[in-house]
Amino acid sequence: MTLLTTRRTFGLSMAGLAATPLLGRDAVAQPRELDIRGGSFRPVNIAVTNFVGDAQQGPALASVVTNNFRRSVFLQPLDSKTFVETISNPDQPPNMDSWRMINAQYVVTGRTGRGADGRLRTEFRLWDVATGQQAAGQQFVTDPNNSRRVAHIVSDAIFSRITGEKGCFDTRVVFIDESGPKETRRKRLAIMDQDGANVRYLTKGDDLVLTPRFSPSSQDVTYMAFGQGDPRVFLLNIETGQREVVGNFPGMTFSPRFSPDGQRIIMSLSQGSSTNLFSMDLRSRTTTRLTDSSAIDTSPSYSPDGSQIVFESDRGGGQQIYVMGAAGGSAKRISFGQNARYSTPVWSPKGDFIAFTRQRAGSFGIGVMKPDGSGERIITEGFHNEGPTWAPNGLYLMFFREPGGQSGPKIYMTDVSGRGEFPVTTPSFGSDPSWGPLLS
């Protein structure tokens, strides 16, 4: 028996989705403390059973959830071939002894199918094997076309319940889709789910597009386009398709990026031999100069509270990373790797790390350091890795890798500790990913 408590505010009209908590009559098990960054880290074993009800939707939904967990590093989905028990009634507690036999710590059960109104109804329950109690449960009602998205939302709910951290599965990523020969490569702005599914093209490829950046607070994207004349900075709303020119600046414009509240963008403008940082208020279109030097200052990124900016500059004679106040002023160098050049710094949404690209002795590494420059750590290294972007929960990074030759760049995902690295499959070559905010 279950108690269903109604909650009809899901807050996302684009999905047409309604959600209700699905709670057991007994006390719900409390989440465990999981040390996801410490040296004693061990992934949590979780069994995701097929969702009963729909012979096609059920296994497909369970497969998406399982793949999300497999790439999460922190949750380890067990092979379904080892399952001892077959779940026929997801409302009833599983036989915990059967799951202890295969070292499962949590079990996911659920059902999915179309209701009389034709809408897809999906529910899940998360069971704690140690206590035998239900740890989480929820029901979703939506258009059948949103089935994969429901799987991502289920994944986020389970991930958050077990780890105590926010999920990042119900998110999208903009990137540059690259196709054709290397010398005449076509570059289109595209968007996909975080796992590489549901790719949609946002530009036709008539203009060369570069450096797309997702707003951390909305479904807006800013990017550069090279068409006729000088490059222009565009602002694109993903849902409406509305596109507008933010600015058509004299000289070259580089790396536009949003402020945390989405009300400003910061960019670098090249004038003569120098490149300086500027911010623009998107409401008034007022532009403010932030640096004024003969150096090349570029790739700016705001701290999550908007009070500081990290950027790369050669003002000290080499390409290094600096931090300064958001209004400009004096800057402090924070990168000091021996015989190394640093670029593409990006502040974590948590505020605890700055990700970067480091080039040394022909090798390109993706790494992180604390905002004061301490604790530098390379997560992955290879021939040509570049362009890190943070998941909205600050636990994962995406970047792209260029193998050289006639091949092209591909996108990869890794956790912040470097315990796992996974390719993100795109239709063609893919580069310059930018991770968007949670949709739910």
# chains A, B, ... in the order shown; residues from 1 in each chain; ligands from 1
call {"tool": "residues_around", "arguments": {"residues": "Thr298 in chain A", "least_positions_apart": "3", "cutoff": "10 Å", "atoms": "only C-alpha atoms", "output": "PyMOL selection string"}}
result
chain A and resi 253-256+266-270+275-278+295+301+310-314+321+343-345
call {"tool": "write_last_selection", "arguments": {"atoms": "N, CA and C atoms", "output": "mmCIF file, in the first residue's frame"}}
result
data_model
loop_
_atom_site.group_PDB
_atom_site.id
_atom_site.type_symbol
_atom_site.label_atom_id
_atom_site.label_comp_id
_atom_site.auth_asym_id
_atom_site.auth_seq_id
_atom_site.Cartn_x
_atom_site.Cartn_y
_atom_site.Cartn_z
ATOM 1 N N THR A 253 36.182 39.902 -32.028
ATOM 2 C CA THR A 253 35.507 39.648 -30.766
ATOM 3 C C THR A 253 35.713 38.181 -30.399
ATOM 4 N N PHE A 254 35.991 37.920 -29.125
ATOM 5 C CA PHE A 254 36.280 36.553 -28.707
ATOM 6 C C PHE A 254 35.493 36.184 -27.457
ATOM 7 N N SER A 255 35.135 34.913 -27.368
ATOM 8 C CA SER A 255 34.718 34.250 -26.123
ATOM 9 C C SER A 255 33.648 34.979 -25.329
ATOM 10 N N PRO A 256 32.494 35.310 -25.924
ATOM 11 C CA PRO A 256 31.427 35.903 -25.101
ATOM 12 C C PRO A 256 30.897 34.886 -24.096
ATOM 13 N N ILE A 266 30.293 38.939 -20.913
ATOM 14 C CA ILE A 266 31.653 39.449 -20.859
ATOM 15 C C ILE A 266 32.402 38.855 -22.044
ATOM 16 N N MET A 267 33.280 39.627 -22.651
ATOM 17 C CA MET A 267 33.961 39.183 -23.860
ATOM 18 C C MET A 267 35.288 39.907 -23.990
ATOM 19 N N SER A 268 36.074 39.499 -24.947
ATOM 20 C CA SER A 268 37.316 40.201 -25.243
ATOM 21 C C SER A 268 37.228 40.806 -26.638
ATOM 22 N N LEU A 269 37.724 42.024 -26.770
ATOM 23 C CA LEU A 269 37.725 42.734 -28.047
ATOM 24 C C LEU A 269 39.159 43.057 -28.425
ATOM 25 N N SER A 270 39.506 42.749 -29.664
ATOM 26 C CA SER A 270 40.853 43.006 -30.169
ATOM 27 C C SER A 270 40.882 44.325 -30.917
ATOM 28 N N THR A 275 44.318 43.103 -26.788
ATOM 29 C CA THR A 275 42.974 42.541 -26.641
ATOM 30 C C THR A 275 42.557 42.736 -25.198
ATOM 31 N N ASN A 276 41.442 43.413 -24.990
ATOM 32 C CA ASN A 276 40.990 43.721 -23.633
ATOM 33 C C ASN A 276 39.604 43.167 -23.362
ATOM 34 N N LEU A 277 39.235 43.138 -22.078
ATOM 35 C CA LEU A 277 37.956 42.586 -21.649
ATOM 36 C C LEU A 277 36.915 43.681 -21.513
ATOM 37 N N PHE A 278 35.701 43.360 -21.949
ATOM 38 C CA PHE A 278 34.568 44.274 -21.868
ATOM 39 C C PHE A 278 33.354 43.502 -21.363
ATOM 40 N N ALA A 295 48.468 44.050 -23.457
ATOM 41 C CA ALA A 295 48.545 42.587 -23.502
ATOM 42 C C ALA A 295 47.330 42.005 -24.216
ATOM 43 N N SER A 301 35.661 34.487 -17.475
ATOM 44 C CA SER A 301 34.580 33.693 -16.876
ATOM 45 C C SER A 301 34.287 34.238 -15.485
ATOM 46 N N VAL A 310 37.777 35.372 -13.845
ATOM 47 C CA VAL A 310 39.024 34.694 -14.153
ATOM 48 C C VAL A 310 39.237 34.811 -15.660
ATOM 49 N N PHE A 311 40.480 34.994 -16.091
ATOM 50 C CA PHE A 311 40.760 35.146 -17.520
ATOM 51 C C PHE A 311 42.198 34.745 -17.793
ATOM 52 N N GLU A 312 42.520 34.603 -19.067
ATOM 53 C CA GLU A 312 43.892 34.304 -19.452
ATOM 54 C C GLU A 312 44.528 35.552 -20.051
ATOM 55 N N SER A 313 45.840 35.706 -19.852
ATOM 56 C CA SER A 313 46.541 36.897 -20.330
ATOM 57 C C SER A 313 48.024 36.577 -20.505
ATOM 58 N N ASP A 314 48.643 37.285 -21.446
ATOM 59 C CA ASP A 314 50.092 37.174 -21.623
ATOM 60 C C ASP A 314 50.808 38.399 -21.064
ATOM 61 N N ILE A 321 46.889 32.418 -16.135
ATOM 62 C CA ILE A 321 45.540 32.680 -15.641
ATOM 63 C C ILE A 321 45.596 33.726 -14.532
ATOM 64 N N SER A 343 45.182 28.258 -20.443
ATOM 65 C CA SER A 343 44.146 28.938 -21.216
ATOM 66 C C SER A 343 42.768 28.428 -20.828
ATOM 67 N N THR A 344 41.751 29.026 -21.425
ATOM 68 C CA THR A 344 40.315 28.675 -21.274
ATOM 69 C C THR A 344 39.885 28.424 -19.834
ATOM 70 N N PRO A 345 40.168 29.341 -18.894
ATOM 71 C CA PRO A 345 39.720 29.113 -17.511
ATOM 72 C C PRO A 345 38.209 29.259 -17.383
#
call {"tool": "select_by_dssp", "arguments": {"residues": "range 175-351 of chain A", "states": "strand (DSSP E or B)", "output": "ChimeraX atom specification"}}
result
/A:175-179,186-193,200-201,208-214,220-226,232-237,243-247,252-258,264-271,274-281,287-289,296-302,308-313,320-325,331-333,341-347
call {"tool": "residues_around", "arguments": {"residues": "Pro427 in chain A", "least_positions_apart": "4", "cutoff": "12 Å", "atoms": "only C-alpha atoms", "output": "list of chain:residue names"}}
result
A:Phe175, A:Ile176, A:Asp177, A:Glu178, A:Ser179, A:Arg188, A:Ala190, A:Ile191, A:Met192, A:Gly196, A:Ala197, A:Asn198, A:Val199, A:Arg200, A:Tyr201, A:Pro409, A:Lys410, A:Ile411, A:Ser431
call {"tool": "write_last_selection", "arguments": {"atoms": "C-alpha atoms", "output": "JSON list (two decimals), in the first residue's frame"}}
result
[["chain", "number", "residue", "atom", "x", "y", "z"],
["A", 175, "PHE", "CA", 28.39, 22.52, -29.20],
["A", 176, "ILE", "CA", 29.90, 23.01, -32.62],
["A", 177, "ASP", "CA", 29.04, 20.22, -35.06],
["A", 178, "GLU", "CA", 31.88, 19.84, -37.55],
["A", 179, "SER", "CA", 31.55, 17.94, -40.83],
["A", 188, "ARG", "CA", 27.07, 24.41, -37.26],
["A", 190, "ALA", "CA", 23.93, 22.30, -32.37],
["A", 191, "ILE", "CA", 22.32, 21.20, -29.11],
["A", 192, "MET", "CA", 22.00, 17.76, -27.53],
["A", 196, "GLY", "CA", 24.52, 12.86, -26.77],
["A", 197, "ALA", "CA", 20.90, 12.07, -27.69],
["A", 198, "ASN", "CA", 18.34, 14.34, -29.38],
["A", 199, "VAL", "CA", 20.79, 16.37, -31.45],
["A", 200, "ARG", "CA", 19.20, 19.42, -33.04],
["A", 201, "TYR", "CA", 20.91, 21.94, -35.33],
["A", 409, "PRO", "CA", 37.53, 16.70, -32.60],
["A", 410, "LYS", "CA", 35.33, 14.63, -30.32],
["A", 411, "ILE", "CA", 33.63, 15.50, -27.05],
["A", 431, "SER", "CA", 33.95, 20.67, -30.42]]
call {"tool": "atom_distance", "arguments": {"atom1": "CA of Ser335 in chain A", "atom2": "CA of Ile309 in chain A"}}
result
14.5 Å
call {"tool": "residues_around", "arguments": {"residues": "range 122-130 of chain A", "least_positions_apart": "2", "cutoff": "6 Å", "atoms": "only C-alpha atoms", "output": "JSON, numbers by chain"}}
result
{"A": [96, 105, 106, 107, 108, 109, 110, 111, 112, 132, 133, 134, 135, 136, 137, 138, 139, 140]}
call {"tool": "residues_around", "arguments": {"residues": "Leu235 in chain A", "least_positions_apart": "2", "cutoff": "7 Å", "atoms": "only C-alpha atoms", "output": "ChimeraX atom specification"}}
result
/A:220-223,233,237,243-246
call {"tool": "atom_distance", "arguments": {"atom1": "CA of Arg42 in chain A", "atom2": "CA of Thr171 in chain A"}}
result
25.6 Å
